[in-house]
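Report on the structure given below.
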Amino acid sequence: MVKVKGDVTTYEKIASSKLFQHAETVIPGGVTANIKHFYPYPIFMKEGKGSKLIDVDGMEYIDYSLCYGALITGHGHPRIVNATINHLKETGTIIFGTPHELEITMAEKITKLYPSMEQIRFTNSGTEAVLLAIRLAVAYTKKSRIAKFEGHYHGGLNQVLVSVNPSKKNAGEETAPNPVLESSGIAENELDNTLVLPFNNLQATESIVRKHAHELAAIILEPVQGGFIPAEESFIHGLKQLTDELNIVLIFDEVKTGFRVDLGGAQQIFNIKPDITTLGKVLGGGFPVGAVGGRKEIMMQSAANANGDVFAVGGDSKKTKNIVFHSGTYNGHPLVLAAGMETIHMLETDQLLKDVISKTMLLRTRLEKLYASYCIDMQTIGMGSIFNIVFTNETIKNYRDMWKSDTAFREKLDTELLNLGIYLKPLNRYSMSVVHTLEDIDKTVEAHELALKRVLRK
Ligand SMILES: Cc1ncc(COP(=O)(O)O)c(C=O)c1O
């Protein structure tokens, strides 16, 4: 049921509301990841099936969040479930805690699809992948600072939890953005390590980077900001030239775009080989995962050797110092890799990813037509199987351009959509899957029209 409190649209989902109140007693804010929180309370799900989620009140939704893009085969795809269970049955264990063959198979598969990733290490999340990528870059260049772009998200690491969503008041000049911390609990001096650059503005980026080249180990970016604002060709090629010239490691964070904008990620589309790439999400088939890969000479800095183990009692600390530390109890988890491998096989076969992308384009076109028929300034922006809905006709090239869009209107609409069986965290991106059907697309467009009428009526 939709409710309106003042001019804020909200809803009443009784079982979710009760669970949320209960959750709040033992879990801060009732959620285990801050991104899962939204107003008035997040919706608790109890079942997932194909493109659908079913909440604890029994309501069915077409899911466009897909666990923030991770589930490109939808919920509980039999091929992914079977691959995982079969691996478990065949090996008799959940995890070996030793090297195993699937790590090599997956690493080889990644190096084929992403030729810039000559060697691979696995992690348990995108955040951990970014941590290792930055550490490798610092070790390789022997410089200590990094630069990131305003509005780009790279996980929860202190050094990159900067200027992801800065307010107009704090953001500073457009061509020389202020670094703004996104969390309390991070020491102010962490800001000394991170420069903030303006995305899709090569001239301003170059001027900042040249000034700091002597101390910059790496520049990290989402080649498609937030998965939906692509870098301009001239910008990203210019950035590659600049980093090559100045001995700065270029890191493409393809956690969101990997296997989604194309099998070989945004780097395949832009035809650029970054020095290091981070992957996550789709790579794990829905299980927690991350991967780091890049030029062999950079990656080899983390190569273990028998004398370089920090955990070895009486080990030689001089030797460990020369090795980039990378470890993790669950790295290369066999079940995760089995699910991820099957996901990649599926996407490769029968052009399945191409199908997902054409369904995405169909939905985008139909939504654009719908809003145009109501004379509303709306556009969809995106790449491959991800897109966003933006209420403005202005060109969107970076984070600050998004300030021009009517987010209050979008939020009302998204809240109404949650009552009409379309699941997306308000204001988030749409991700599509192998199992979304043409019927789902019809229903989604119908729901948008109804939601729009309701919002316009209020
Ligand atoms: C581009 C990008 N990098 C890194 C991360 C962090 O990944 P994880 O949530 O697996 O730690 C995300 C997560 O959304 C992301 O989108």
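Order determines the names: the first chain of the structure tokens is A, the second B, and so forth; residues in each chain are numbered 1 upward, and ligands are numbered 1 upward as they are shown.
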- Message: Show me, as a list of chain:residue names, the residues that have an atom within 6 Å of Phe391 of chain A when counting only C-alpha atoms, minus same-chain residues fewer than 3 positions from it.
- Response: A:Asp377, A:Met378, A:Ser405, A:Asp406
- Query: Quick one: residues within 8 Å of segment 281-291 of chain A, only C-alpha atoms counted, chain neighbours fewer than 5 positions away excluded, as an NGL selection string?
  - Reply: :A and (67 or 69-73 or 80 or 120-129 or 255-256 or 258-260 or 336-337 or 339-344)
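Minimum atom-to-atom distances from A:Ile386, A:Leu363, A:Ile236, A:Ile110 to Asp442 of chain A were compared using only C-alpha atoms, and the lowest value belongs to A:Leu363.
Pairwise distance (atom CA of Leu417 of chain A, atom CA of Leu452 of chain A) equals 9.0 Å.
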Using backbone DSSP assignments, extract all strand (DSSP E) residues from segment 164-242 of chain A; output them as a PyMOL selection string.
chain A and resi 172-173+176-177+194-197+216-221+224-225+229-230
Could you dump the residues just selected with C-alpha atoms as an mmCIF file, in the first residue's frame?
data_model
loop_
_atom_site.group_PDB
_atom_site.id
_atom_site.type_symbol
_atom_site.label_atom_id
_atom_site.label_comp_id
_atom_site.auth_asym_id
_atom_site.auth_seq_id
_atom_site.Cartn_x
_atom_site.Cartn_y
_atom_site.Cartn_z
ATOM 1 C CA GLY A 172 35.133 22.454 -4.441
ATOM 2 C CA GLU A 173 36.000 23.659 -7.922
ATOM 3 C CA ALA A 176 40.146 20.864 -9.110
ATOM 4 C CA PRO A 177 37.783 18.909 -6.842
ATOM 5 C CA THR A 194 44.362 10.652 -2.446
ATOM 6 C CA LEU A 195 43.949 13.225 -5.172
ATOM 7 C CA VAL A 196 40.564 13.741 -6.776
ATOM 8 C CA LEU A 197 40.203 14.264 -10.506
ATOM 9 C CA LEU A 216 51.492 9.413 -7.943
ATOM 10 C CA ALA A 217 51.651 5.605 -7.915
ATOM 11 C CA ALA A 218 48.326 4.992 -9.593
ATOM 12 C CA ILE A 219 45.212 6.428 -11.124
ATOM 13 C CA ILE A 220 42.158 4.299 -10.527
ATOM 14 C CA LEU A 221 38.854 4.741 -12.331
ATOM 15 C CA VAL A 224 32.060 3.524 -16.964
ATOM 16 C CA GLN A 225 31.257 5.641 -13.909
ATOM 17 C CA ILE A 229 28.354 7.033 -17.452
ATOM 18 C CA PRO A 230 30.935 5.936 -20.013
#
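With only C-alpha atoms and all ligand atoms as the basis for measurement, A:Asn428 is the residue among A:Asn428, A:Thr329, A:Thr365, A:Thr10 that approaches ligand 1 most closely.
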Can you tell me, as a tab-separated table (two decimals) with N, CA and C atoms, in the first residue's frame, what residues are no more than 7 Å from Leu424 of chain A when counting only C-alpha atoms, ignoring any on the same chain fewer than 6 positions away?
chain	number	residue	atom	x	y	z
A	63	ASP	N	13.10	-8.23	-10.51
A	63	ASP	CA	14.30	-7.69	-9.86
A	63	ASP	C	15.25	-7.05	-10.87
A	64	TYR	N	15.49	-5.76	-10.70
A	64	TYR	CA	16.47	-5.07	-11.56
A	64	TYR	C	17.73	-4.69	-10.79
A	65	SER	N	17.77	-5.09	-9.52
A	65	SER	CA	18.99	-4.84	-8.76
A	65	SER	C	19.96	-6.00	-8.99
Any idea what's packed within 8 Å of Lys397 of chain A, counting only C-alpha atoms, ignoring anything in its chain fewer than 2 positions away? Could you give it as a tab-separated table (two decimals) with all heavy atoms, in the first residue's frame?
chain	number	residue	atom	x	y	z
A	199	PHE	N	36.18	13.64	-13.86
A	199	PHE	CA	35.99	12.62	-14.89
A	199	PHE	C	35.58	13.27	-16.21
A	199	PHE	O	34.82	14.24	-16.24
A	199	PHE	CB	34.91	11.64	-14.43
A	199	PHE	CG	34.75	10.41	-15.29
A	199	PHE	CD1	35.83	9.60	-15.59
A	199	PHE	CD2	33.49	10.05	-15.76
A	199	PHE	CE1	35.66	8.44	-16.36
A	199	PHE	CE2	33.31	8.90	-16.52
A	199	PHE	CZ	34.40	8.10	-16.82
A	200	ASN	N	36.08	12.72	-17.29
A	200	ASN	CA	35.76	13.19	-18.65
A	200	ASN	C	36.18	14.62	-18.91
A	200	ASN	O	35.60	15.30	-19.76
A	200	ASN	CB	34.26	13.00	-18.97
A	200	ASN	CG	33.98	11.60	-19.49
A	200	ASN	OD1	34.86	10.97	-20.09
A	200	ASN	ND2	32.77	11.11	-19.28
A	229	ILE	N	27.86	5.84	-16.73
A	229	ILE	CA	28.35	7.03	-17.45
A	229	ILE	C	29.70	6.67	-18.10
A	229	ILE	O	30.75	6.63	-17.42
A	229	ILE	CB	28.54	8.26	-16.53
A	229	ILE	CG1	27.26	8.53	-15.72
A	229	ILE	CG2	28.96	9.49	-17.34
A	229	ILE	CD1	27.39	9.68	-14.71
A	230	PRO	N	29.69	6.40	-19.39
A	230	PRO	CA	30.93	5.94	-20.01
A	230	PRO	C	31.97	7.05	-20.12
A	230	PRO	O	31.62	8.23	-20.27
A	230	PRO	CB	30.50	5.52	-21.43
A	230	PRO	CG	29.01	5.56	-21.44
A	230	PRO	CD	28.57	6.45	-20.32
A	231	ALA	N	33.24	6.66	-20.04
A	231	ALA	CA	34.31	7.60	-20.35
A	231	ALA	C	34.19	7.96	-21.83
A	231	ALA	O	33.77	7.13	-22.64
A	231	ALA	CB	35.65	6.94	-20.10
A	395	THR	N	23.24	16.87	-21.06
A	395	THR	CA	24.20	15.78	-21.25
A	395	THR	C	24.83	15.41	-19.92
A	395	THR	O	25.23	16.29	-19.15
A	395	THR	CB	25.30	16.25	-22.23
A	395	THR	OG1	24.65	16.78	-23.36
A	395	THR	CG2	26.23	15.12	-22.61
A	399	TYR	N	29.99	13.10	-12.50
A	399	TYR	CA	29.24	13.16	-11.24
A	399	TYR	C	28.44	14.45	-11.09
A	399	TYR	O	27.27	14.45	-10.73
A	399	TYR	CB	30.24	12.98	-10.09
A	399	TYR	CG	29.65	13.25	-8.73
A	399	TYR	CD1	28.77	12.35	-8.16
A	399	TYR	CD2	29.98	14.42	-8.04
A	399	TYR	CE1	28.22	12.60	-6.92
A	399	TYR	CE2	29.43	14.67	-6.80
A	399	TYR	CZ	28.55	13.76	-6.24
A	399	TYR	OH	27.99	14.01	-5.02
A	401	ASP	N	27.33	16.49	-13.30
A	401	ASP	CA	26.20	16.60	-14.23
A	401	ASP	C	24.94	15.97	-13.64
A	401	ASP	O	23.82	16.38	-13.96
A	401	ASP	CB	26.53	15.92	-15.57
A	401	ASP	CG	27.54	16.71	-16.38
A	401	ASP	OD1	27.68	17.93	-16.15
A	401	ASP	OD2	28.20	16.10	-17.26
Q | Shell around Phe96 of chain A at 10 Å using only C-alpha atoms, local window under 2 positions removed, as a list in words | A |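 Listed by chain and then number, they are Thr91, Gly92, Thr93, Ile94, Thr98, Pro99, His100, Tyr330, Gly332, His333 and Pro334 of chain A.
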| said: Here is a test: counting only C-alpha atoms and all ligand atoms, which residue of A:Gly29, A:Gly155, A:Pro78, A:Gly238 is nearest to ligand 1? | reply: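 Selected residue with least distance to ligand 1: A:Gly155.
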Restricting to only C-alpha atoms and all ligand atoms, whichever of A:Val390, A:Ala139, A:Val160, A:Ala83 is closest to ligand 1 is A:Val160
Residue with the minimum atom-to-atom distance to ligand 1, picked from A:Ile272, A:Val56, A:Val164, A:Ile186 with only C-alpha atoms and all ligand atoms counted, is A:Val164
Open item on the list: Can you tell me which residues surround Tyr140 of chain A at a distance of at most 10 Å, considering only C-alpha atoms, apart from same-chain residues fewer than 2 positions away, and format the answer as a PyMOL selection string?
Closed with: chain A and resi 134-138+142-143+217-218+247-249+297-299+301+324
Keeping N, CA and C atoms for every residue in the selection just given, could you write it to a file as a CSV table (one decimal), in the first residue's frame?
chain,number,residue,atom,x,y,z
A,134,ILE,N,46.1,-1.4,-5.5
A,134,ILE,CA,46.8,-0.2,-5.1
A,134,ILE,C,48.2,-0.6,-4.5
A,135,ARG,N,48.2,-1.6,-3.7
A,135,ARG,CA,49.4,-2.0,-3.0
A,135,ARG,C,50.5,-2.4,-4.1
A,136,LEU,N,50.0,-3.1,-5.1
A,136,LEU,CA,50.9,-3.5,-6.2
A,136,LEU,C,51.5,-2.3,-6.9
A,137,ALA,N,50.6,-1.3,-7.1
A,137,ALA,CA,51.0,-0.1,-7.8
A,137,ALA,C,52.1,0.7,-7.0
A,138,VAL,N,51.8,0.8,-5.7
A,138,VAL,CA,52.7,1.5,-4.8
A,138,VAL,C,54.1,0.8,-4.8
A,142,LYS,N,57.2,2.7,-6.5
A,142,LYS,CA,57.8,3.3,-5.3
A,142,LYS,C,57.4,4.7,-5.1
A,143,LYS,N,56.2,5.0,-5.4
A,143,LYS,CA,55.5,6.3,-5.1
A,143,LYS,C,54.4,6.0,-4.1
A,217,ALA,N,51.4,7.0,-7.6
A,217,ALA,CA,51.7,5.6,-7.9
A,217,ALA,C,50.6,5.1,-8.9
A,218,ALA,N,49.4,5.6,-8.8
A,218,ALA,CA,48.3,5.0,-9.6
A,218,ALA,C,47.2,6.0,-9.8
A,247,ASN,N,54.8,7.3,-15.9
A,247,ASN,CA,55.1,6.1,-15.0
A,247,ASN,C,54.1,6.1,-13.9
A,248,ILE,N,52.8,6.2,-14.2
A,248,ILE,CA,51.8,6.0,-13.2
A,248,ILE,C,51.0,4.8,-13.6
A,249,VAL,N,50.7,3.9,-12.7
A,249,VAL,CA,49.9,2.7,-13.0
A,249,VAL,C,48.5,3.0,-13.2
A,297,GLU,N,55.0,-8.2,-14.8
A,297,GLU,CA,56.0,-7.7,-13.9
A,297,GLU,C,55.4,-7.0,-12.7
A,298,ILE,N,54.2,-6.5,-12.8
A,298,ILE,CA,53.6,-5.9,-11.7
A,298,ILE,C,53.0,-7.0,-10.8
A,299,MET,N,52.3,-7.9,-11.4
A,299,MET,CA,51.7,-9.0,-10.6
A,299,MET,C,52.7,-9.8,-9.9
A,301,GLN,N,55.2,-9.2,-8.3
A,301,GLN,CA,55.7,-8.7,-7.0
A,301,GLN,C,55.0,-9.4,-5.9
A,324,VAL,N,55.0,-8.2,-2.2
A,324,VAL,CA,53.7,-7.6,-1.9
A,324,VAL,C,52.8,-8.6,-1.1
Might you pull out every residue within 12 Å of Lys169 of chain A, with only C-alpha atoms counted and same-chain residues fewer than 5 positions away left off, and present them as a list of chain:residue names?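 Using only C-alpha atoms, the neighbours found are A:Glu174, A:Pro177, A:Asn178, A:Val180.
The space separating atom CA of Arg295 of chain A from atom CA of Glu103 of chain A comes to 18.4 Å.
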For a test of reading the model, state the distance in Å between atom CA of Leu102 of chain A and atom 8 (P, counted along the ligand's line) of ligand 1, rounded to one decimal.
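Taking atom CA of Leu102 of chain A as the start and atom 8 (P, counted along the ligand's line) of ligand 1 as the end point, the length is 22.2 Å.
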message: With distances taken over only C-alpha atoms and all ligand atoms, which residue among A:Gly227, A:Pro426, A:Gly58, A:Pro40 lies nearest ligand 1?
response: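 Among the listed residues, the smallest separation from ligand 1 belongs to A:Gly227.
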